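> One structure follows; several queries about it will come next.
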Amino acid sequence: MNQQASSTADVVVVGLGAFGSAVLYQLAKRGIRAIGIDRFTPPHTMGSSHGETRITRLAVGEGDAYAPLVRRSHALWREIEQHGGGNLFQETGGLIMAPRDSSARHHGRENFVRRSIAIAARTGIAHEVLDAGEIAARYPQFQLRGDELGYFEPTAGVLSPERCIETQLRLAVQFGAVVRTGERVVAIDQHGGTVRVTTERGMLEASRCVVTAGPWLAGLLPAFRPLARVYRQVLHWFAPLDPAKFAPGRFPVFIWMHGDQEEDYFYGFPIAERGIDLKVATETYAREVDPDDVDRTVSADLPAAMYAQHVAGRLRTVTGRATRSAACLYTVTPDAGFIVDTLPDQDRVLVVSACSGHGFKHSAAVGEAIAQVVTSGASVIDLSPFGMGRFGGVGLPSQT
């Protein structure tokens with residue numbers, strides 16, 4: 001990475017995870033003098049963008065506003081693959097299911113399966129609606145109760161987050177961006193038409209600053225403390241008796257709400273590469289954590305509990321032998337939506353953060369949209385639904 005000691009730029013990007021790496025790449029590609037700063041060395045395991053796989057799906061039950069972002073991201077991942085080499089996005093098909101008569105919630109939205117079906121129908125996304133018999137015939141790896149309703153999307157699949165971040169940062173540097181890692185930002189202040197970004201090593205000045213700090217957002221910008229709560233999540237890998245049955249083409253990415261309570265839920269991935277077991281996880285929001293003081297070790301009781309509460313009796317031939325576990329962090333807003341907005345009192349500081357557990361799939365398009373805002377004042381995709389106005393703050397105007 002380019003580690004020049006540059007102190008001036010058109011734009012400084014603070015945080016180089018999912019959103020930050022995409023923003024930096026898209027800015028640099030447009031010839032914008034950009035500096036990216038991260039307190040660690042991305043891709044890393046300290047935040048939200050690690051764990052080898054992320055689900056991507058076009059029908060986003062979280063809301064219609066996300067559909068243009070993920071659709072554009074799918075195209076951008078292919079474009080980035082062509083320029084950067086390597087496989088970032090693998091189509092495996094995706095299945096979302098819940099009991100037919102359940103109003104099962106996911107990411108703050110009730111009736112998530114039916115919402116996904118409705119969004120797919122409205123926006124012309126190819127999909128199938130499956131009953132329990134059809135799901136069982138296609139994917140006998142699932143041990144169903146018999147009353148499931150399923151949404152199947154053939155173009156859903158798996159993203160490789162670490163590769164996506166590494167590739168975009170590498171391309172950003174090739175286009176002239178400067179990447180400064182192992183450097184913590186301590187303050188961001190706007191003075192007239194200049195933004196000063198103070199780090200532990202000194203001060204940088206830029207015309208604009210894009211803050212994509214994820215779990216560290218509230219610590220850096222205290223006004224966001226009520227809007228960006230951080231929660232520890234744990235990922236698990238279990239060993240199937242026959243891994244070939246869980247390979248892409250034979251097994252999809254899935255989201256399974258198996259009960260009426262929000263915690264009655266887990267998701268998982270096909271085994272995309274040799275030497276990697278079956279990854280599954282759930283989400284928990286019982287206790288907020290400090291990203292600078294979170295326990296990133298995983299005690300032995302957690303994979304056992306994950307297996308007993310979610311996997312056992314639902315994934316055939318998957319044993320309770322956990323081969324690996326890892327902790328990551330979610331930064332969640334009160335409505336589980338994104339924040340993409342300028343600060344109320346600093347119009348040259350743009351915050352792009354709080355993925356709320358479903359951000360990576362959208363990150364490529366978010367990066368492009370932010371680059372459009374910086375260069376032309378507006379983005380092709382409407383970002384106004386992600387403004388702080390919905391929380392009582394100011395919002396970005398509707399984009400055209």
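In the structure tokens, the first chain shown is A, the next is B, and so on; residue numbers restart at 1 for each chain, and ligands run from 1 in the order shown.
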Listing only residues of stretch 193-252 of chain A within 9 Å of stretch 38-50 of chain A, what is the closest atom pair and its distance in Å (to one decimal) for each, using only C-alpha atoms, sorted by chain and residue number ascending, as JSON lines?


```
{"residue": "A:Ala213", "atom": "CA", "partner": "A:Asp38", "partner_atom": "CA", "distance": 8.4}
{"residue": "A:Gly214", "atom": "CA", "partner": "A:Gly47", "partner_atom": "CA", "distance": 7.5}
{"residue": "A:Pro215", "atom": "CA", "partner": "A:Gly47", "partner_atom": "CA", "distance": 6.8}
{"residue": "A:Trp216", "atom": "CA", "partner": "A:Gly47", "partner_atom": "CA", "distance": 8.9}
```

> Pull the closest atom pair for each residue of stretch 141-245 of chain A that gets at most 12 Å from stretch 337-341 of chain A, along with the distance in Å to one decimal, counting only C-alpha atoms, ordering rows by chain and then ascending residue number, as a tab-separated table.


```
residue	atom	partner	partner_atom	distance
A:Cys209	CA	A:Asp341	CA	11.7
A:Val210	CA	A:Asp341	CA	9.8
A:Val211	CA	A:Val340	CA	9.7
A:Thr212	CA	A:Val340	CA	9.7
A:Ala213	CA	A:Ile339	CA	11.8
A:Gly214	CA	A:Ile339	CA	10.6
A:Leu217	CA	A:Ile339	CA	11.0
A:Phe224	CA	A:Ile339	CA	10.1
A:Leu227	CA	A:Ile339	CA	9.0
A:Ala228	CA	A:Ile339	CA	9.2
```

> I'd like the contact shell of A:Ala187 - 6 Å cut-off, only C-alpha atoms, skipping same-chain residues fewer than 2 positions apart - returned as an MDAnalysis selection string.

chainID A and resid 185 197:198

> What separation in Å, quoted to one decimal, exists between atom CA of A:Ile125 and atom CA of A:Pro270?

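Separation between atom CA of A:Ile125 and atom CA of A:Pro270: 22.2 Å.
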
> Could you check the closest approach to A:Ile35 for each of A:Ser73, A:Thr284, A:Thr181, A:Ser325 and tell me which residue wins, using only C-alpha atoms?

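Checking each candidate against A:Ile35, we get A:Thr181 as the closest.
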
> Running DSSP on the backbone, which parts of stretch 78-258 of chain A land in helix (DSSP H, G or I), as an MDAnalysis selection string?

chainID A and resid 78:84 112:123 132:138 161:174 214:220 222:224 243:246

> Find the residues around A:Thr319 up to 10 Å (only C-alpha atoms counted), leave out those fewer than 3 positions away in its own chain, and share them as a PyMOL selection string.

chain A and resi 238-241+307+311-312+315-316+322

> Once you have the residues from the selection above, write them out as a compact mmCIF listing (two decimals), in the first residue's frame, restricted to C-alpha atoms.


```txt
# COMPACT_ATOMS: atom_id res chain seq x y z
CA PHE A 238 -19.14 -26.68 11.64
CA ALA A 239 -17.98 -29.89 9.99
CA PRO A 240 -20.50 -31.75 7.77
CA LEU A 241 -20.13 -35.51 7.39
CA TYR A 307 -25.47 -25.84 17.36
CA VAL A 311 -28.29 -26.15 13.67
CA ALA A 312 -29.25 -29.44 15.33
CA LEU A 315 -29.14 -29.16 8.84
CA ARG A 316 -28.80 -32.85 8.11
CA ALA A 322 -17.06 -26.61 15.55
```

> Looking at A:Ile271, A:Ala28, A:Met257, A:Leu69, which one is nearest to A:His310, with distances taken over only C-alpha atoms?

A:Met257

> Find the spatial neighbours of A:Ala132, counting only C-alpha atoms, within a cut-off of 9 Å - ignore same-chain residues fewer than 3 positions away - and output them as a ChimeraX atom specification.

/A:135-137,144-150

> Write a file of the selected residues as an mmCIF file, in the first residue's frame, keeping C-alpha atoms.


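again15.cif written:
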```
data_model
loop_
_atom_site.group_PDB
_atom_site.id
_atom_site.type_symbol
_atom_site.label_atom_id
_atom_site.label_comp_id
_atom_site.auth_asym_id
_atom_site.auth_seq_id
_atom_site.Cartn_x
_atom_site.Cartn_y
_atom_site.Cartn_z
ATOM 1 C CA ILE A 135 -37.625 -26.803 -0.716
ATOM 2 C CA ALA A 136 -37.063 -30.330 0.615
ATOM 3 C CA ALA A 137 -36.950 -31.827 -2.876
ATOM 4 C CA LEU A 144 -37.916 -28.885 7.603
ATOM 5 C CA ARG A 145 -40.942 -28.735 9.857
ATOM 6 C CA GLY A 146 -43.302 -28.881 6.887
ATOM 7 C CA ASP A 147 -44.962 -25.477 7.081
ATOM 8 C CA GLU A 148 -42.197 -23.339 5.571
ATOM 9 C CA LEU A 149 -42.605 -20.661 2.924
ATOM 10 C CA GLY A 150 -39.498 -19.965 0.874
#
```

> Measuring between only C-alpha atoms, which one of A:Glu52, A:Ala177, A:Ile255, A:Ala300 shows the shortest distance to A:Asp277?

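The closest residue to A:Asp277 is A:Glu52.
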
> Quick one: everything within 7 Å of stretch 153-161 of chain A, counting only C-alpha atoms, minus sequence neighbours fewer than 6 positions away in the same chain. Send it as a list in words.

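Residues meeting the cut-off are Ser49, His50, Glu52, Thr53, Arg54, Ile55, Thr56, Arg57, Leu58, Leu88, Phe89, Gln90, Glu91, Thr92, Gly93, Gly94, Leu95, Ala126, His127, Glu128 and Val253 of chain A.
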
> Taking into account only C-alpha atoms, which residue in the set A:Glu162, A:Leu383, A:Asn111, A:Ser363 is nearest to A:Val23?

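When distances to A:Val23 are compared using only C-alpha atoms, the smallest one comes from A:Ser363.
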
> Quick one: everything within 12 Å of A:Gly202, counting only C-alpha atoms, minus sequence neighbours fewer than 5 positions away in the same chain. Send it as a compact mmCIF listing (two decimals) with N, CA and C atoms, in the first residue's frame.


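Okay, this is what ended up in part-v2.txt:
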```txt
# COMPACT_ATOMS: atom_id res chain seq x y z
N ALA A 5 3.46 10.23 3.26
CA ALA A 5 3.07 11.09 4.37
C ALA A 5 2.33 12.32 3.86
N SER A 6 1.40 12.15 2.92
CA SER A 6 0.65 13.27 2.37
C SER A 6 -0.18 13.91 3.45
N SER A 7 -0.31 15.23 3.40
CA SER A 7 -1.08 15.94 4.41
C SER A 7 -2.21 16.77 3.82
N THR A 8 -2.33 16.80 2.49
CA THR A 8 -3.43 17.51 1.85
C THR A 8 -4.04 16.63 0.78
N GLU A 183 -3.00 4.06 11.76
CA GLU A 183 -3.03 5.48 12.15
C GLU A 183 -4.45 5.81 12.64
N ARG A 184 -4.56 6.23 13.87
CA ARG A 184 -5.87 6.49 14.46
C ARG A 184 -6.24 7.96 14.33
N VAL A 185 -7.44 8.21 13.84
CA VAL A 185 -7.96 9.57 13.76
C VAL A 185 -8.55 9.94 15.11
N VAL A 186 -8.24 11.12 15.61
CA VAL A 186 -8.72 11.54 16.93
C VAL A 186 -9.71 12.69 16.85
N ALA A 187 -9.75 13.42 15.72
CA ALA A 187 -10.69 14.54 15.62
C ALA A 187 -10.93 14.89 14.16
N ARG A 196 -10.29 19.61 8.64
CA ARG A 196 -9.03 19.18 9.25
C ARG A 196 -9.24 17.85 9.95
N VAL A 197 -8.45 16.88 9.57
CA VAL A 197 -8.50 15.54 10.16
C VAL A 197 -7.24 15.36 10.99
```
